[in-house]
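Novice: My structure file work-v9.cif, mmCIF, C-alpha atoms and all ligand atoms, is below:
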```
data_data
loop_
_atom_site.label_atom_id
_atom_site.label_comp_id
_atom_site.auth_asym_id
_atom_site.auth_seq_id
_atom_site.Cartn_x
_atom_site.Cartn_y
_atom_site.Cartn_z
CA MET P 1 82.78 25.12 123.66
CA LEU P 2 81.99 26.30 127.17
CA ARG P 3 81.98 23.47 129.73
CA PHE P 4 82.62 22.95 133.42
CA LEU P 5 83.49 20.28 135.92
CA THR P 6 83.25 20.28 139.69
CA ALA P 7 85.05 18.16 142.29
CA GLY P 8 85.00 17.81 146.06
CA GLU P 9 82.99 16.37 148.92
CA SER P 10 80.58 18.06 151.30
CA HIS P 11 82.87 17.74 154.35
CA GLY P 12 86.16 17.47 152.42
CA PRO P 13 88.76 20.25 152.36
CA SER P 14 87.23 22.22 149.48
CA LEU P 15 85.11 22.30 146.36
CA THR P 16 86.73 22.95 142.99
CA ALA P 17 85.20 24.15 139.73
CA ILE P 18 86.92 24.44 136.37
CA LEU P 19 85.20 26.52 133.70
CA GLU P 20 86.74 26.02 130.28
CA GLY P 21 86.12 27.84 126.98
CA PHE P 22 85.49 31.26 128.52
CA PRO P 23 86.65 34.28 126.44
CA SER P 24 89.51 36.52 127.56
CA GLY P 25 88.99 40.09 128.70
CA LEU P 26 86.07 39.88 131.13
CA ALA P 27 86.79 41.90 134.27
CA ILE P 28 85.52 39.87 137.21
CA ASP P 29 83.65 41.57 140.03
CA PHE P 30 84.81 39.39 142.95
CA ASP P 31 82.44 40.93 145.51
CA LYS P 32 79.48 40.27 143.25
CA LEU P 33 80.58 36.66 142.86
CA ASP P 34 80.88 36.14 146.62
CA LYS P 35 77.47 37.79 147.11
CA GLU P 36 75.96 35.17 144.83
CA LEU P 37 77.56 32.41 146.94
CA LYS P 38 76.21 34.07 150.08
CA ALA P 39 72.73 34.15 148.54
CA ARG P 40 72.92 30.37 148.03
CA GLN P 41 73.59 29.98 151.74
CA GLY P 42 70.63 32.10 152.77
CA GLY P 43 66.86 31.80 152.85
CA TYR P 44 64.47 30.89 155.61
CA GLY P 45 64.56 27.20 156.57
CA ARG P 46 68.29 26.49 156.07
CA ASN P 47 70.37 24.53 158.58
CA SER P 48 73.03 25.75 161.02
CA ARG P 49 75.93 24.80 158.71
CA GLN P 50 75.19 27.93 156.67
CA LYS P 51 76.32 29.94 159.71
CA ILE P 52 79.63 28.03 159.95
CA GLU P 53 80.44 28.42 156.26
CA SER P 54 80.86 31.76 154.60
CA ASP P 55 81.66 30.75 151.07
CA LYS P 56 84.34 32.63 149.19
CA VAL P 57 85.99 31.81 145.88
CA THR P 58 89.78 31.57 145.55
CA PHE P 59 90.94 31.64 141.93
CA THR P 60 93.94 29.50 141.00
CA GLY P 61 93.88 29.82 137.21
CA GLY P 62 92.42 31.58 134.20
CA ILE P 63 92.43 35.10 135.75
CA ARG P 64 95.18 37.67 135.83
CA GLY P 65 94.83 41.16 137.27
CA GLY P 66 91.14 40.47 137.83
CA VAL P 67 90.52 39.77 134.13
CA THR P 68 89.87 36.43 132.39
CA THR P 69 92.78 35.23 130.23
CA GLY P 70 90.94 32.73 128.01
CA GLY P 71 92.53 29.85 129.93
CA PRO P 72 90.53 27.41 132.08
CA ILE P 73 89.18 29.27 135.11
CA CYS P 74 89.90 27.27 138.25
CA MET P 75 88.08 28.11 141.47
CA HIS P 76 88.23 26.73 145.00
CA ILE P 77 85.72 27.16 147.79
CA GLU P 78 87.02 26.12 151.19
CA ASN P 79 84.77 23.92 153.35
CA LYS P 80 85.29 25.55 156.73
CA ASP P 81 83.50 22.62 158.40
CA PHE P 82 86.37 20.32 157.27
CA ALA P 83 88.13 21.28 160.51
CA ASN P 84 85.51 19.15 162.33
CA TRP P 85 85.72 16.26 159.85
CA GLN P 86 89.45 15.74 159.23
CA GLU P 87 89.59 12.18 160.60
CA VAL P 88 86.36 11.08 158.91
CA MET P 89 87.31 12.66 155.58
CA ALA P 90 91.08 11.94 155.63
CA LEU P 91 92.29 11.94 152.03
CA GLU P 92 95.26 9.73 152.86
CA GLY P 93 95.89 7.13 155.56
CA LYS P 94 93.41 5.66 157.99
CA ILE P 95 89.83 6.88 158.29
CA ASN P 96 88.59 7.22 161.83
CA THR P 97 84.83 7.71 162.16
CA PRO P 98 83.45 8.36 165.65
CA LYS P 99 80.16 6.62 166.47
CA GLU P 100 78.06 9.79 166.09
CA LYS P 101 79.31 10.31 162.52
CA GLU P 102 78.79 6.70 161.36
CA VAL P 103 76.15 6.19 158.66
CA ASP P 104 74.60 2.75 158.99
CA CYS P 105 71.23 3.27 157.33
CA PHE P 106 70.03 4.51 153.92
CA ARG P 107 68.07 7.80 153.91
CA PRO P 108 65.02 7.47 151.63
CA GLY P 109 64.90 10.17 148.92
CA HIS P 110 68.70 10.42 148.78
CA ALA P 111 71.37 8.78 146.61
CA ASP P 112 72.42 6.56 149.57
CA LEU P 113 70.80 3.25 148.53
CA ALA P 114 71.42 3.20 144.75
CA GLY P 115 74.84 4.87 145.10
CA THR P 116 76.17 2.40 147.67
CA ILE P 117 75.07 -0.58 145.56
CA LYS P 118 76.24 0.96 142.27
CA TYR P 119 79.78 1.77 143.44
CA GLY P 120 80.12 -1.19 145.82
CA HIS P 121 80.94 1.08 148.77
CA LYS P 122 81.51 -0.30 152.24
CA ASP P 123 80.58 3.05 153.81
CA ILE P 124 77.41 4.98 152.81
CA ARG P 125 79.31 8.21 153.58
CA ASP P 126 81.26 7.73 150.33
CA VAL P 127 77.96 8.43 148.53
CA ILE P 128 76.44 11.14 150.69
CA GLU P 129 79.53 13.29 150.68
CA ARG P 130 79.61 13.71 146.90
CA ALA P 131 75.83 13.47 146.31
CA SER P 132 75.22 16.33 148.75
CA ALA P 133 73.83 19.62 147.43
CA ARG P 134 76.92 21.29 148.91
CA GLU P 135 78.30 20.72 145.38
CA THR P 136 75.92 23.42 144.14
CA ALA P 137 78.23 26.06 145.69
CA ALA P 138 80.75 25.23 142.94
CA ARG P 139 78.02 25.49 140.30
CA VAL P 140 77.01 28.90 141.62
CA ALA P 141 80.63 30.10 141.31
CA VAL P 142 80.59 29.00 137.63
CA GLY P 143 77.15 30.52 136.99
CA ALA P 144 78.11 33.78 138.70
CA ILE P 145 80.91 34.27 136.17
CA CYS P 146 78.47 33.46 133.37
CA GLN P 147 76.00 36.00 134.80
CA GLN P 148 78.70 38.69 134.69
CA PHE P 149 79.31 37.77 131.04
CA LEU P 150 75.55 38.04 130.31
CA ASN P 151 75.32 41.39 132.11
CA VAL P 152 77.96 42.84 129.75
CA LEU P 153 75.56 41.92 126.90
CA ASP P 154 72.70 43.64 128.83
CA ILE P 155 71.08 40.29 129.61
CA ASN P 156 69.76 40.05 133.16
CA LEU P 157 68.30 37.13 135.07
CA VAL P 158 65.93 37.11 138.03
CA ALA P 159 64.92 34.11 140.12
CA HIS P 160 62.23 34.23 142.79
CA VAL P 161 60.20 31.77 144.84
CA ILE P 162 56.58 31.25 143.73
CA GLN P 163 55.63 28.35 145.99
CA VAL P 164 56.48 26.76 149.34
CA GLY P 165 54.49 23.62 150.07
CA ASN P 166 50.89 24.53 149.16
CA VAL P 167 51.35 28.33 149.52
CA LYS P 168 51.51 29.85 146.04
CA ALA P 169 52.60 33.37 145.07
CA PRO P 170 51.69 34.93 141.69
CA SER P 171 53.98 34.60 138.66
CA GLN P 172 55.88 37.78 137.78
CA ALA P 173 56.22 36.78 134.11
CA ASP P 174 54.08 39.75 132.99
CA CYS P 175 55.78 42.33 135.22
CA ASP P 176 57.40 45.02 133.03
CA ASN P 177 60.36 45.69 135.28
CA LEU P 178 62.59 42.76 136.27
CA ILE P 179 64.78 44.97 138.47
CA GLU P 180 61.74 45.74 140.56
CA VAL P 181 60.82 42.01 140.84
CA CYS P 182 64.38 41.34 141.95
CA ALA P 183 64.24 44.12 144.58
CA ARG P 184 60.99 42.75 146.02
CA ALA P 185 62.38 39.20 146.14
CA ASN P 186 65.56 40.45 147.83
CA GLU P 187 63.50 42.02 150.62
CA SER P 188 61.91 38.67 151.43
CA GLU P 189 63.63 36.12 153.69
CA ILE P 190 62.31 33.43 151.37
CA SER P 191 63.05 35.30 148.07
CA CYS P 192 59.35 35.68 147.28
CA ALA P 193 58.36 38.84 145.37
CA ASP P 194 54.91 38.94 147.02
CA GLN P 195 55.17 40.21 150.60
CA SER P 196 52.01 38.68 152.08
CA LYS P 197 52.67 35.29 150.47
CA SER P 198 56.25 35.51 151.70
CA GLU P 199 54.96 35.79 155.28
CA GLU P 200 52.59 32.85 154.76
CA MET P 201 55.46 30.76 153.38
CA ILE P 202 57.64 31.50 156.41
CA GLU P 203 54.78 30.61 158.79
CA LEU P 204 54.33 27.30 156.97
CA ILE P 205 58.06 26.52 157.24
CA LYS P 206 58.00 27.30 160.99
CA LYS P 207 55.01 25.01 161.52
CA THR P 208 56.51 22.21 159.41
CA TRP P 209 59.82 22.54 161.28
CA SER P 210 58.06 22.14 164.63
CA GLU P 211 56.41 18.97 163.30
CA GLY P 212 59.79 17.46 162.28
CA ASP P 213 58.82 17.51 158.61
CA SER P 214 60.16 19.25 155.48
CA LEU P 215 58.96 21.20 152.44
CA GLY P 216 59.69 21.77 148.75
CA GLY P 217 58.33 24.42 146.43
CA ALA P 218 58.70 26.15 143.11
CA ILE P 219 60.72 28.97 141.60
CA GLU P 220 60.41 31.19 138.55
CA ILE P 221 63.36 32.40 136.47
CA LEU P 222 62.92 35.32 134.08
CA VAL P 223 65.47 36.51 131.52
CA ASP P 224 65.12 39.63 129.37
CA ASN P 225 66.94 40.85 126.29
CA LEU P 226 68.05 37.53 124.84
CA PRO P 227 68.77 37.55 121.10
CA VAL P 228 66.63 35.53 118.69
CA GLY P 229 68.08 32.13 117.79
CA LEU P 230 70.00 30.73 120.78
CA GLY P 231 69.82 26.94 120.38
CA SER P 232 68.58 25.30 117.21
CA TYR P 233 65.78 23.20 115.74
CA VAL P 234 68.17 21.20 113.54
CA HIS P 235 69.22 18.53 116.02
CA TRP P 236 67.84 17.19 119.32
CA ASP P 237 70.79 18.10 121.51
CA ARG P 238 71.02 21.64 120.17
CA ARG P 239 67.49 22.59 121.28
CA ILE P 240 67.76 25.29 123.96
CA ASP P 241 64.68 24.00 125.82
CA GLY P 242 66.31 20.56 126.12
CA GLN P 243 69.56 22.09 127.37
CA LEU P 244 67.75 24.27 129.92
CA ALA P 245 65.76 21.26 131.14
CA GLN P 246 68.87 19.12 131.52
CA ALA P 247 70.65 21.85 133.47
CA LEU P 248 67.71 22.39 135.82
CA MET P 249 66.84 18.73 136.29
CA SER P 250 70.47 18.11 137.27
CA VAL P 251 70.00 20.32 140.33
CA HIS P 252 69.45 18.25 143.47
CA ALA P 253 65.76 17.79 144.32
CA ILE P 254 64.36 19.56 141.23
CA LYS P 255 61.83 17.11 139.85
CA ALA P 256 60.01 19.07 137.14
CA MET P 257 60.32 22.20 135.05
CA GLU P 258 58.25 24.10 132.53
CA ILE P 259 58.85 26.83 129.97
CA GLY P 260 56.14 29.46 129.58
CA ASP P 261 52.63 28.12 130.17
CA GLY P 262 54.09 24.58 130.06
CA ILE P 263 51.79 22.31 132.06
CA GLU P 264 48.73 24.59 131.84
CA ALA P 265 49.12 24.84 128.04
CA SER P 266 48.67 21.09 127.72
CA GLN P 267 45.10 21.47 129.01
CA LYS P 268 43.95 24.22 126.58
CA PRO P 269 43.09 24.46 122.87
CA GLY P 270 45.87 25.77 120.59
CA SER P 271 44.12 29.09 119.91
CA GLN P 272 44.48 29.93 123.63
CA VAL P 273 48.10 28.83 123.81
CA HIS P 274 50.10 30.02 120.81
CA ASP P 275 51.34 33.59 120.54
CA ALA P 276 50.33 35.61 117.46
CA ILE P 277 52.99 37.54 115.51
CA ASN P 278 52.21 41.17 114.62
CA PRO P 279 54.06 43.26 112.02
CA ALA P 280 54.65 46.29 114.27
CA LYS P 281 58.37 46.98 114.80
CA THR P 282 60.00 47.56 118.20
CA GLU P 283 63.36 49.06 118.99
CA ASN P 284 65.00 45.63 118.92
CA LEU P 285 62.83 43.46 116.70
CA PRO P 286 61.00 43.77 113.35
CA PHE P 287 57.80 42.28 114.85
CA THR P 288 55.84 42.18 118.13
CA ARG P 289 54.15 39.39 120.08
CA PRO P 290 50.98 40.36 121.97
CA THR P 291 51.45 37.46 124.40
CA ASN P 292 54.32 35.26 125.58
CA ARG P 293 52.72 31.99 126.58
CA ALA P 294 55.60 30.11 124.94
CA GLY P 295 57.95 31.64 127.51
CA GLY P 296 60.49 32.85 124.97
CA VAL P 297 61.23 29.54 123.25
CA GLU P 298 59.80 28.18 119.99
CA GLY P 299 61.24 25.28 118.00
CA GLY P 300 64.17 24.81 120.37
CA MET P 301 65.34 28.43 119.95
CA THR P 302 64.97 31.68 121.83
CA ASN P 303 62.43 33.83 119.95
CA GLY P 304 63.18 37.31 121.31
CA SER P 305 60.50 37.27 124.02
CA ARG P 306 61.25 37.07 127.75
CA LEU P 307 62.47 33.64 128.84
CA VAL P 308 60.05 32.28 131.46
CA ILE P 309 61.02 29.11 133.30
CA ARG P 310 59.59 27.44 136.39
CA ALA P 311 61.22 24.65 138.34
CA PHE P 312 59.70 22.45 141.04
CA MET P 313 61.62 21.12 144.05
CA LYS P 314 60.58 18.09 146.09
CA PRO P 315 60.53 18.36 149.91
CA ILE P 316 63.91 17.92 151.65
CA PRO P 317 64.34 14.16 152.16
CA THR P 318 66.21 14.16 155.49
CA LEU P 319 63.50 14.13 158.16
CA VAL P 320 63.68 14.52 161.94
CA LYS P 321 60.91 11.92 162.07
CA GLY P 322 62.92 9.41 160.03
CA LEU P 323 61.11 7.22 157.50
CA ASN P 324 61.30 3.45 157.52
CA SER P 325 64.48 2.20 155.90
CA VAL P 326 67.05 -0.58 156.15
CA SER P 327 70.45 -0.77 157.80
CA PHE P 328 73.69 -1.36 155.92
CA PRO P 329 75.38 -3.77 155.35
CA ASP P 330 72.77 -6.20 156.75
CA PHE P 331 69.56 -4.72 155.23
CA LYS P 332 67.49 -5.05 158.45
CA ALA P 333 64.53 -2.77 159.28
CA LYS P 334 65.72 0.53 160.75
CA LYS P 335 64.45 4.12 160.99
CA ALA P 336 66.42 6.55 158.79
CA ARG P 337 68.83 8.60 160.84
CA TYR P 338 68.65 12.41 161.03
CA GLU P 339 71.79 14.42 160.24
CA ARG P 340 71.77 18.25 160.32
CA SER P 341 69.52 19.30 157.47
CA ASP P 342 67.51 22.11 155.90
CA VAL P 343 63.73 22.11 156.40
CA CYS P 344 63.18 24.01 153.17
CA ALA P 345 65.91 25.05 150.72
CA ILE P 346 63.78 26.67 148.03
CA SER P 347 65.54 30.10 148.17
CA ALA P 348 68.93 28.42 147.80
CA CYS P 349 67.54 26.29 144.99
CA ALA P 350 66.43 29.48 143.19
CA VAL P 351 70.03 30.78 143.28
CA VAL P 352 71.43 27.48 142.00
CA ALA P 353 68.81 27.19 139.25
CA LYS P 354 69.41 30.78 138.09
CA ASN P 355 73.13 30.12 137.84
CA MET P 356 72.63 26.90 135.90
CA ILE P 357 70.43 28.85 133.46
CA ALA P 358 73.13 31.54 133.23
CA TYR P 359 75.66 28.86 132.29
CA ILE P 360 73.45 27.41 129.53
CA LEU P 361 72.71 30.87 128.10
CA ALA P 362 76.39 31.88 128.16
CA LYS P 363 77.26 28.60 126.41
CA ALA P 364 74.59 29.19 123.74
CA LEU P 365 75.72 32.79 123.20
CA LEU P 366 79.33 31.72 122.78
CA GLU P 367 78.22 29.05 120.31
CA LYS P 368 76.32 31.60 118.22
CA PHE P 369 78.59 34.63 118.49
CA GLY P 370 81.67 32.80 119.76
CA GLN P 371 84.94 34.65 119.75
CA ASP P 372 88.11 34.25 121.78
CA SER P 373 88.01 37.65 123.45
CA MET P 374 85.26 39.84 124.89
CA LYS P 375 86.36 42.66 122.57
CA GLN P 376 85.82 40.53 119.45
CA LEU P 377 82.59 39.10 120.81
CA LEU P 378 81.13 42.50 121.65
CA SER P 379 81.92 43.90 118.21
CA VAL P 380 80.15 40.94 116.53
CA TYR P 381 77.27 41.01 119.02
CA LYS P 382 76.58 44.73 118.69
CA LYS P 383 76.68 44.60 114.88
CA ARG P 384 74.25 41.70 114.56
CA ASN P 385 71.37 42.50 112.25
CA LEU P 386 68.16 41.44 113.95
CA SER P 387 66.10 41.12 110.78
CA ASP P 388 68.68 39.17 108.75
CA ALA P 389 67.10 36.16 107.13
C1 LIG F 401 70.40 24.08 147.72
C2 LIG F 401 69.95 22.74 148.17
C3 LIG F 401 70.05 22.40 149.52
C4 LIG F 401 69.65 21.14 149.96
N1 LIG F 401 69.75 20.84 151.30
C5 LIG F 401 69.38 19.62 151.72
C6 LIG F 401 69.47 19.27 153.11
O1 LIG F 401 69.90 20.06 153.95
N2 LIG F 401 69.07 18.03 153.48
C7 LIG F 401 68.60 17.12 152.59
O2 LIG F 401 68.23 16.01 152.97
N3 LIG F 401 68.48 17.43 151.27
C8 LIG F 401 68.86 18.64 150.82
N4 LIG F 401 68.73 18.95 149.49
C9 LIG F 401 68.16 17.96 148.57
C10 LIG F 401 69.07 16.79 148.32
O3 LIG F 401 70.37 17.24 147.99
C11 LIG F 401 68.53 15.89 147.21
O4 LIG F 401 67.20 15.62 147.43
C12 LIG F 401 69.31 14.59 147.19
O5 LIG F 401 70.65 14.89 146.81
C13 LIG F 401 68.75 13.54 146.25
O6 LIG F 401 68.72 13.97 144.95
P1 LIG F 401 67.35 14.02 144.13
O7 LIG F 401 66.36 14.63 145.06
O8 LIG F 401 67.63 14.88 142.95
O9 LIG F 401 66.99 12.60 143.79
C14 LIG F 401 69.13 20.20 149.02
C15 LIG F 401 69.03 20.55 147.68
C16 LIG F 401 69.41 21.80 147.26
C17 LIG F 401 69.29 22.17 145.81
#
```
Before anything else, please render the file you have as structure tokens.
Specialist:
Amino acid sequence: MLRFLTAGESHGPSLTAILEGFPSGLAIDFDKLDKELKARQGGYGRNSRQKIESDKVTFTGGIRGGVTTGGPICMHIENKDFANWQEVMALEGKINTPKEKEVDCFRPGHADLAGTIKYGHKDIRDVIERASARETAARVAVGAICQQFLNVLDINLVAHVIQVGNVKAPSQADCDNLIEVCARANESEISCADQSKSEEMIELIKKTWSEGDSLGGAIEILVDNLPVGLGSYVHWDRRIDGQLAQALMSVHAIKAMEIGDGIEASQKPGSQVHDAINPAKTENLPFTRPTNRAGGVEGGMTNGSRLVIRAFMKPIPTLVKGLNSVSFPDFKAKKARYERSDVCAISACAVVAKNMIAYILAKALLEKFGQDSMKQLLSVYKKRNLSDA
């Protein structure tokens, strides 16, 4: 079974990810992997830390000669900013926190309050360091390997921004060519495939920034060429929609997701929602679907249509104009303190979400076609009979 763990704090020495259950024989494109990490650091509205850090993966296990061995893949990403935090984040010995780095107040919208009470911490920093979305760099490293695995099976994923605050760009779910969607999104500083909406989004971020406020938004993830039958209807935790939702909802600040017409479908009669099945054969499948409102999932399984997922991110909770809060440990009224923060991180969120989806799809593929080596897997995968009952 494919699984992964991450470890490390936001201002600690490094982040670590261990990906276990990955087949042997996949040649890793290291530049491509680092590009994915760079994409997570980009996007209009990010904070200055992204200029200090230039994330790069160092492998310490599971790869030899650039090829996966079948052993656990261990990856490290150095936190370059650790140089400025060594005394505050000392792993051994005495911690020495200068006044300007003390955290004496809970930030609303963060893990600070519940986390400090839950773990009985004396210092809120013990929560914020691990709860920080910096951890998503390690997830992207894992997902980037999974994406390379999917690409070998001709499965490609695209993520693009469809909303910033109240500025909405059109869905690209019906666009024939995903490569073209990807190219348009890559041209935009906010990863939006619609140029004029992209400009509007950037203007809104600028305005919100000047007002000391923050923004959230929405992203769309599209995946083509998935086989029928990833996931299963036979048990709740094997449903692919449930697994995709768990993966996305685990990403910091994502508060909702939908598959296909999702929320809109709940407001329409069934005849306008469900996708008919026609007998005409295609190159890959013994049937066609005139529409794909289900977004590629029926009964907890992929159905051969394009996977269409949208995820919704709340506005960044750290605000220049701090909200009312309470101090710690005395719980007296105090304005939440501002610490370097993004104004809008929707482009970065798109990269993280795409990589979490890549992980879930790689896991499901290995469950269905699972073999120990890429060679075995490819021979089984290519021979699969699409119309087998
Ligand atoms: C890529 C990414 C970057 C983020 N950057 C920030 C940030 O700079 N400042 C901040 O307050 N929150 C940021 N967030 C959101 C917080 O991490 C998140 O809201 C917080 O951990 C609380 O978790 P929750 O919103 O899921 O409850 C970011 C989230 C993501 C996915």
Novice: Set the cut-off to 8 Å, count all atoms listed in the file, and list whatever residues fall near ligand LIG 401 (chain F) as a PyMOL selection string.
Specialist: chain P and resi 40-41+46-47+109-111+128+131-134+136+249-255+313-319+340-349+352
Novice: Might you pull out every residue within 8 Å of region 222-231 of chain P, with all atoms listed in the file counted and same-chain residues fewer than 5 positions away left off, and present them as a list in words?
Specialist: Asp154, Ile155, Asn156, Leu157, Val158, Ala159, Ala173, Leu178, Arg238, Arg239, Ile240, Gly300, Met301, Thr302, Asn303, Gly304, Ser305, Arg306, Leu307, Val308, Ile309, Leu361, Ala364, Leu365, Lys368 and Leu386 of chain P
Novice: Using all atoms listed in the file, determine which residues lie at most 6 Å from Gly62 (chain P), disregarding the query and same-chain residues fewer than 2 positions distant; provide the list as an NGL selection string.
Specialist: :P and (68-69 or 71-73)
Novice: Quick one: of P:Cys182, P:Ile190, P:Ile162, P:Leu33, who's nearest to Phe149 (chain P), counting all atoms listed in the file?
Specialist: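 Answer, going by the shortest atom-to-atom distance: P:Leu33.
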Novice: Could you list, as a ChimeraX atom specification, every residue within 9 Å of Ala245 (chain P), counting all atoms listed in the file and ignoring same-chain residues fewer than 3 positions away?
Specialist: /P:240-242,248-250,256-259
Novice: (87.7, 35.1, 137.1) in this file's frame - what residues fall within 12 Å of it? Use all atoms listed in the file and give the answer as a ChimeraX atom specification.
Specialist: /P:17-20,22-34,57-76,141-149
Novice: Taking 3 positions as the minimum chain separation for residues in the same chain, which residues sit within 8 Å of Thr97 (chain P) when counting only C-alpha atoms? Answer as a list in words.
Specialist: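 Near neighbours after the sequence-gap exclusion: Glu87, Val88, Lys101 and Glu102 of chain P.
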